[in-house]
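**Student:** Just so it is clear, I am handing over run00.pdb, which has PDB, C-alpha atoms.
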ATOM      1  CA  MET A  83     -16.862  -5.211  -1.518
ATOM      2  CA  ASP A  84     -13.967  -3.670  -3.429
ATOM      3  CA  ASP A  85     -10.637  -5.355  -3.670
ATOM      4  CA  HIS A  86      -7.913  -2.959  -2.580
ATOM      5  CA  VAL A  87      -6.686  -0.638   0.136
ATOM      6  CA  PHE A  88      -5.474   2.758  -1.105
ATOM      7  CA  ILE A  89      -2.588   4.219   0.924
ATOM      8  CA  SER A  90      -2.090   7.993   0.900
ATOM      9  CA  TYR A  91       1.226   9.228   2.304
ATOM     10  CA  SER A  92       3.989  11.792   1.932
ATOM     11  CA  HIS A  93       7.069  10.511   0.137
ATOM     12  CA  ARG A  94       9.040  11.640   3.207
ATOM     13  CA  ASP A  95       7.281   8.770   4.983
ATOM     14  CA  GLN A  96       7.934   6.237   2.230
ATOM     15  CA  ASP A  97       9.858   3.777   4.410
ATOM     16  CA  TYR A  98       6.919   3.384   6.789
ATOM     17  CA  ALA A  99       4.440   3.303   3.883
ATOM     18  CA  LEU A 100       6.358   0.415   2.291
ATOM     19  CA  MET A 101       6.612  -1.419   5.615
ATOM     20  CA  LEU A 102       2.856  -0.998   6.162
ATOM     21  CA  THR A 103       2.162  -2.120   2.592
ATOM     22  CA  ASP A 104       4.212  -5.276   3.134
ATOM     23  CA  TYR A 105       2.422  -5.956   6.434
ATOM     24  CA  LEU A 106      -1.017  -5.604   4.825
ATOM     25  CA  ARG A 107      -0.020  -7.825   1.909
ATOM     26  CA  GLN A 108       1.208 -10.466   4.346
ATOM     27  CA  HIS A 109      -2.279 -10.313   5.862
ATOM     28  CA  GLY A 110      -3.878 -10.964   2.476
ATOM     29  CA  PHE A 111      -4.791  -7.452   1.301
ATOM     30  CA  ASN A 112      -4.319  -6.040  -2.172
ATOM     31  CA  VAL A 113      -2.683  -2.650  -1.565
ATOM     32  CA  TRP A 114      -2.522   0.270  -3.992
ATOM     33  CA  LEU A 115       0.466   2.542  -3.538
ATOM     34  CA  ASP A 116       1.598   5.117  -6.083
ATOM     35  CA  GLU A 117       4.553   2.865  -6.947
ATOM     36  CA  ARG A 118       2.036   0.935  -9.081
ATOM     37  CA  ILE A 119       1.888   3.782 -11.609
ATOM     38  CA  ASP A 120       3.727   2.679 -14.734
ATOM     39  CA  TYR A 121       6.001   4.937 -16.731
ATOM     40  CA  GLY A 122       4.059   6.993 -19.257
ATOM     41  CA  GLU A 123       0.757   6.773 -17.366
ATOM     42  CA  ASP A 124      -1.202   9.884 -16.407
ATOM     43  CA  TRP A 125      -0.449   9.642 -12.695
ATOM     44  CA  TRP A 126      -3.350  11.817 -11.448
ATOM     45  CA  HIS A 127      -5.795   9.823 -13.584
ATOM     46  CA  SER A 128      -4.329   6.622 -12.085
ATOM     47  CA  ILE A 129      -4.696   7.942  -8.519
ATOM     48  CA  VAL A 130      -8.293   9.075  -9.088
ATOM     49  CA  GLY A 131      -9.188   5.673 -10.545
ATOM     50  CA  ALA A 132      -7.518   3.836  -7.665
ATOM     51  CA  ILE A 133      -9.389   5.921  -5.074
ATOM     52  CA  ARG A 134     -12.713   5.430  -6.888
ATOM     53  CA  GLU A 135     -12.218   1.650  -6.915
ATOM     54  CA  CYS A 136     -10.764   1.183  -3.419
ATOM     55  CA  GLY A 137     -12.629  -0.540  -0.638
ATOM     56  CA  ALA A 138     -10.833   1.459   2.047
ATOM     57  CA  PHE A 139      -8.753   4.624   2.141
ATOM     58  CA  LEU A 140      -5.783   4.559   4.509
ATOM     59  CA  VAL A 141      -3.834   7.761   5.170
ATOM     60  CA  ILE A 142      -0.537   7.948   7.047
ATOM     61  CA  MET A 143      -0.754  11.121   9.117
ATOM     62  CA  THR A 144       2.489  13.010   9.784
ATOM     63  CA  PRO A 145       3.520  16.672   9.676
ATOM     64  CA  ALA A 146       4.913  16.004   6.178
ATOM     65  CA  SER A 147       1.645  14.557   4.858
ATOM     66  CA  ASP A 148      -0.271  17.333   6.657
ATOM     67  CA  GLN A 149       1.656  19.807   4.493
ATOM     68  CA  SER A 150       1.355  17.806   1.263
ATOM     69  CA  LYS A 151      -1.131  19.269  -1.213
ATOM     70  CA  TRP A 152      -1.310  15.921  -3.000
ATOM     71  CA  VAL A 153      -2.152  13.973   0.146
ATOM     72  CA  GLN A 154      -4.832  16.529   0.970
ATOM     73  CA  ARG A 155      -6.291  16.221  -2.537
ATOM     74  CA  GLU A 156      -6.459  12.449  -2.112
ATOM     75  CA  VAL A 157      -8.059  12.789   1.356
ATOM     76  CA  THR A 158     -10.639  15.273   0.090
ATOM     77  CA  PHE A 159     -11.493  13.164  -2.947
ATOM     78  CA  ALA A 160     -11.843   9.967  -0.884
ATOM     79  CA  ASP A 161     -14.040  11.815   1.611
ATOM     80  CA  SER A 162     -16.262  13.133  -1.186
ATOM     81  CA  LEU A 163     -16.825   9.512  -2.271
ATOM     82  CA  ASP A 164     -17.577   8.419   1.320
ATOM     83  CA  LYS A 165     -14.748   5.894   1.239
ATOM     84  CA  PRO A 166     -14.218   4.185   4.604
ATOM     85  CA  ALA A 167     -11.274   6.028   6.175
ATOM     86  CA  PHE A 168      -8.498   4.352   8.138
ATOM     87  CA  PRO A 169      -6.223   7.125   9.446
ATOM     88  CA  VAL A 170      -2.878   6.030  10.878
ATOM     89  CA  LEU A 171      -1.091   8.603  13.092
ATOM     90  CA  LEU A 172       2.643   8.095  12.639
ATOM     91  CA  GLN A 173       3.916  11.498  13.830
ATOM     92  CA  GLY A 174       2.532  14.723  15.247
ATOM     93  CA  GLU A 175      -0.756  15.562  16.931
ATOM     94  CA  LEU A 176      -4.196  15.253  15.403
ATOM     95  CA  LEU A 177      -5.623  18.370  17.056
ATOM     96  CA  SER A 178      -2.739  20.681  16.148
ATOM     97  CA  SER A 179      -2.666  19.772  12.451
ATOM     98  CA  LYS A 180      -4.052  21.915   9.654
ATOM     99  CA  ASN A 181      -5.872  19.133   7.855
ATOM    100  CA  TRP A 182      -6.365  16.064  10.057
ATOM    101  CA  LEU A 183      -9.405  17.449  11.861
ATOM    102  CA  ILE A 184     -11.393  15.897   9.019
ATOM    103  CA  TYR A 185     -10.883  12.694  11.046
ATOM    104  CA  ILE A 186     -11.896  14.118  14.444
ATOM    105  CA  ARG A 187     -14.841  11.695  14.642
ATOM    106  CA  THR A 188     -12.985   8.745  13.153
ATOM    107  CA  GLN A 189     -11.063   6.304  15.322
ATOM    108  CA  TYR A 190      -7.455   6.432  14.210
ATOM    109  CA  VAL A 191      -4.569   4.067  14.916
ATOM    110  CA  ASP A 192      -1.720   5.590  16.909
ATOM    111  CA  VAL A 193       1.578   4.186  15.623
ATOM    112  CA  ARG A 194       3.813   7.032  16.798
ATOM    113  CA  ASN A 195       6.042   4.351  18.304
ATOM    114  CA  GLY A 196       6.819   3.271  14.708
ATOM    115  CA  GLU A 197       5.096  -0.079  15.086
ATOM    116  CA  LEU A 198       2.520  -1.546  12.742
ATOM    117  CA  PRO A 199      -1.215  -1.726  13.541
ATOM    118  CA  ASP A 200      -2.403  -4.826  15.377
ATOM    119  CA  SER A 201      -4.475  -7.673  13.955
ATOM    120  CA  SER A 202      -7.781  -6.050  14.977
ATOM    121  CA  PHE A 203      -6.961  -3.269  12.498
ATOM    122  CA  CYS A 204      -6.690  -5.889   9.741
ATOM    123  CA  ASP A 205      -9.952  -7.487  10.843
ATOM    124  CA  ARG A 206     -11.733  -4.131  10.596
ATOM    125  CA  LEU A 207     -10.138  -3.436   7.198
ATOM    126  CA  ALA A 208     -11.367  -6.832   5.984
ATOM    127  CA  GLN A 209     -14.947  -5.620   6.435
ATOM    128  CA  TYR A 210     -14.370  -3.302   3.458
ATOM    129  CA  CYS A 211     -11.729  -5.018   1.315
ATOM    130  CA  LYS A 212     -11.335  -8.526  -0.019
ATOM    131  CA  ARG A 213      -8.723 -10.514   1.806
ATOM    132  CA  SER A 214      -6.880 -13.541   0.503
ATOM    133  CA  LYS A 215      -5.214 -16.142   2.675
ATOM    134  CA  GLY A 216      -1.853 -14.393   2.929
ATOM    135  CA  GLU A 217       0.847 -16.451   1.263
ATOM    136  CA  SER A 218      -1.559 -18.048  -1.207
ATOM    137  CA  LYS A 219      -1.225 -15.085  -3.546
ATOM    138  CA  LEU A 220       2.539 -14.707  -3.149
ATOM    139  CA  ASN A 221       5.039 -16.331  -5.471
ATOM    140  CA  ASN A 222       8.725 -16.853  -4.725
ATOM    141  CA  THR A 223      11.810 -16.392  -6.891
ATOM    142  CA  GLY A 224      12.275 -19.526  -8.987
ATOM    143  CA  GLN A 225       8.573 -20.405  -9.113
ATOM    144  CA  LYS A 226       6.571 -20.208 -12.338
ATOM    145  CA  ALA A 227       4.042 -17.399 -12.818
ATOM    146  CA  PRO A 228       0.516 -18.823 -12.500
ATOM    147  CA  TYR A 229      -0.973 -16.004 -14.626
ATOM    148  CA  THR A 230       0.092 -13.582 -17.309
ATOM    149  CA  GLY A 231       0.143 -10.110 -15.777
ATOM    150  CA  ARG A 232       1.852  -7.697 -13.449
ATOM    151  CA  TYR A 233       3.371  -8.764 -10.138
ATOM    152  CA  GLN A 234       4.436  -6.474  -7.339
ATOM    153  CA  PHE A 235       7.384  -6.910  -4.978
ATOM    154  CA  ALA A 236       6.052  -7.965  -1.554
ATOM    155  CA  ARG A 237       9.261  -8.706   0.389
ATOM    156  CA  TYR A 238      12.528 -10.545   0.136
ATOM    157  CA  GLY A 239      12.679 -14.277   0.704
ATOM    158  CA  ASP A 240      14.282 -13.673   4.113
ATOM    159  CA  GLY A 241      11.221 -11.668   5.218
ATOM    160  CA  THR A 242      12.825  -8.232   4.976
ATOM    161  CA  THR A 243      11.985  -5.331   2.657
ATOM    162  CA  LEU A 244      15.374  -3.574   2.818
ATOM    163  CA  PRO A 245      17.276  -2.544   0.836
ATOM    164  CA  LEU A 246      14.307  -1.266  -1.135
ATOM    165  CA  PRO A 247      14.225  -2.395  -4.748
ATOM    166  CA  LYS A 248      14.609   0.373  -7.295
ATOM    167  CA  ALA A 249      11.277   1.870  -8.418
ATOM    168  CA  GLU A 250      11.473   0.132 -11.789
ATOM    169  CA  GLU A 251      12.066  -3.246 -10.079
ATOM    170  CA  ARG A 252       9.014  -3.142  -7.785
ATOM    171  CA  ILE A 253       6.555  -4.207 -10.493
ATOM    172  CA  ILE A 254       7.349  -6.808 -13.124
ATOM    173  CA  THR A 255       5.336  -8.211 -16.018
ATOM    174  CA  LEU A 256       5.470 -11.954 -16.613
ATOM    175  CA  SER A 257       3.745 -14.380 -18.936
ATOM    176  CA  GLN A 258       2.186 -17.511 -17.505
ATOM    177  CA  GLY A 259       4.929 -20.075 -16.928
ATOM    178  CA  GLU A 260       7.802 -17.567 -16.769
ATOM    179  CA  THR A 261      10.105 -17.848 -13.767
ATOM    180  CA  PHE A 262      10.004 -15.237 -10.991
ATOM    181  CA  PRO A 263      13.385 -13.480 -10.855
ATOM    182  CA  PRO A 264      15.366 -12.160  -7.904
ATOM    183  CA  VAL A 265      15.558  -8.379  -7.449
ATOM    184  CA  ARG A 266      18.552  -7.413  -9.591
ATOM    185  CA  SER A 267      19.815  -4.473  -7.536
ATOM    186  CA  SER A 268      20.077  -6.579  -4.363
ATOM    187  CA  GLY A 269      20.510 -10.038  -5.897
ATOM    188  CA  LYS A 270      18.057 -11.356  -3.295
ATOM    189  CA  GLY A 271      15.237 -13.832  -3.849
ATOM    190  CA  SER A 272      11.815 -12.260  -3.439
ATOM    191  CA  TRP A 273       8.111 -12.831  -2.926
ATOM    192  CA  TRP A 274       5.872 -11.385  -5.647
ATOM    193  CA  GLN A 275       2.141 -10.666  -5.508
ATOM    194  CA  TYR A 276      -0.117 -10.755  -8.552
ATOM    195  CA  ILE A 277      -1.836  -7.384  -9.043
ATOM    196  CA  ASP A 278      -3.435  -7.478 -12.509
TER     197      ASP A 278
END
If you convert what's in this file into structure tokens, what do you get?
**Tutor:**
Amino acid sequence: MDDHVFISYSHRDQDYALMLTDYLRQHGFNVWLDERIDYGEDWWHSIVGAIRECGAFLVIMTPASDQSKWVQREVTFADSLDKPAFPVLLQGELLSSKNWLIYIRTQYVDVRNGELPDSSFCDRLAQYCKRSKGESKLNNTGQKAPYTGRYQFARYGDGTTLPLPKAEERIITLSQGETFPPVRSSGKGSWWQYID
């Protein structure tokens, strides 16, 4: 069993992608989103590696992602590796799309109402990806880092994810024993998840 869920999405749908990421993290999943690519990294190499190593491939289906060449490359690559697919229909129609017919025989989650998938979705995802016990892997502003490594913004201390932290604030590197900071741009205390 691999350890993370890869989320493929159009950047036009970033708000929902971040909300879904937060939801999955709250349910104990390690989520890979392209925000984890550090400055100076070869981003396509990073994406390919993340898809190869993922336990499940989740794609947010919308007209924008249907038109995205990059989303389609990710979908095609994940399919070629037989990665378990978890399509999430946020907008549009499956049958009228150019690319989503690849999932015609795959049960998708209809979230066109803007809501998040239900708990049975998480249970199914857990058959392919390791799942921690939710909060046990999250650390709050003011706590000491249990490990040296990179930590990813999960949500603010008040449970919200808005306003979104700046891209460069979403992943921080701490040494063991360093104190978790608030997000500077908002000044709000935050929950952080260890990623590597």
**Student:** Mind pulling up the distance from CA of Tyr185 (chain A) to CA of Pro169 (chain A)?
**Tutor:**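 Going from CA of Pro169 (chain A) over to CA of Tyr185 (chain A), I get 7.4 Å.
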**Student:** What is the CA of Ser128 (chain A) to CA of Thr243 (chain A) distance in Å?
**Tutor:**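 Interatomic distance, CA of Ser128 (chain A) to CA of Thr243 (chain A): 25.0 Å.
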**Student:** The PyMOL selection byres ((chain A and resi 91-101) around 7) on the file shown: which residues, as a ChimeraX atom specification?
**Tutor:** /A:89-90,102-105,141-142,146-147,150,153
**Student:** Please provide as a PDB file with C-alpha atoms, in the frame of the given file all residues within 8 Å of Tyr276 (chain A), with the sequence filter that same-chain residues fewer than 4 positions apart are discarded (counting all atoms listed in the file).
**Tutor:**
ATOM      1  CA  LYS A 219      -1.225 -15.085  -3.546  1.00  0.00           C
ATOM      2  CA  LEU A 220       2.539 -14.707  -3.149  1.00  0.00           C
ATOM      3  CA  GLY A 231       0.143 -10.110 -15.777  1.00  0.00           C
ATOM      4  CA  ARG A 232       1.852  -7.697 -13.449  1.00  0.00           C
ATOM      5  CA  TYR A 233       3.371  -8.764 -10.138  1.00  0.00           C
ATOM      6  CA  GLN A 234       4.436  -6.474  -7.339  1.00  0.00           C
TER       7      GLN A 234
END
**Student:** The residues within 12 Å of (13.5, 0.7, -4.4), using all atoms listed in the file and the coordinates of the file, should be reported as a PyMOL selection string; which are they?
**Tutor:** chain A and resi 96-97+100+117+234-237+243-253+265-268
**Student:** For the atom pair CA of Gly259 (chain A) and CA of Asp240 (chain A), what is the interatomic distance in Å to one decimal place?
**Tutor:**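 Straight-line distance from CA of Gly259 (chain A) to CA of Asp240 (chain A) works out to 23.9 Å.
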**Student:** Give me, as a compact mmCIF listing (two decimals) with C-alpha atoms, in the coordinates of the input, all polymer residues having an atom no more than 8 Å from His86 (chain A), counting all atoms listed in the file and skipping those fewer than 3 positions away in the same chain.
**Tutor:**
# COMPACT_ATOMS: atom_id res chain seq x y z
CA PHE A 111 -4.79 -7.45 1.30
CA ASN A 112 -4.32 -6.04 -2.17
CA VAL A 113 -2.68 -2.65 -1.56
CA TRP A 114 -2.52 0.27 -3.99
CA GLU A 135 -12.22 1.65 -6.92
CA CYS A 136 -10.76 1.18 -3.42
CA GLY A 137 -12.63 -0.54 -0.64
CA ALA A 138 -10.83 1.46 2.05
CA CYS A 211 -11.73 -5.02 1.32
CA LYS A 212 -11.34 -8.53 -0.02
**Student:** Could you list, as number ranges by chain, every residue within 8 Å of Ile133 (chain A), counting only C-alpha atoms and ignoring same-chain residues fewer than 3 positions away?
**Tutor:** A: 88, 129-130, 136, 139, 156, 159-160
**Student:** Run the PyMOL selection byres ((chain A and resi 191) around 9) against the file shown and list the residues it catches, as JSON, numbers by chain.
**Tutor:** {"A": [168, 169, 170, 171, 172, 189, 190, 192, 193, 199, 203]}
**Student:** Those same residues - C-alpha atoms - I'd like them written as a CSV table (one decimal), in the frame of the given file.
**Tutor:**
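Final file, selection_32.csv:
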chain,number,residue,atom,x,y,z
A,168,PHE,CA,-8.5,4.4,8.1
A,169,PRO,CA,-6.2,7.1,9.4
A,170,VAL,CA,-2.9,6.0,10.9
A,171,LEU,CA,-1.1,8.6,13.1
A,172,LEU,CA,2.6,8.1,12.6
A,189,GLN,CA,-11.1,6.3,15.3
A,190,TYR,CA,-7.5,6.4,14.2
A,192,ASP,CA,-1.7,5.6,16.9
A,193,VAL,CA,1.6,4.2,15.6
A,199,PRO,CA,-1.2,-1.7,13.5
A,203,PHE,CA,-7.0,-3.3,12.5
**Student:** Can you translate the PyMOL selection byres ((chain A and resi 263) around 6) into the concrete residues it hits in this file, as an NGL selection string?
**Tutor:** :A and (223 or 262 or 264)
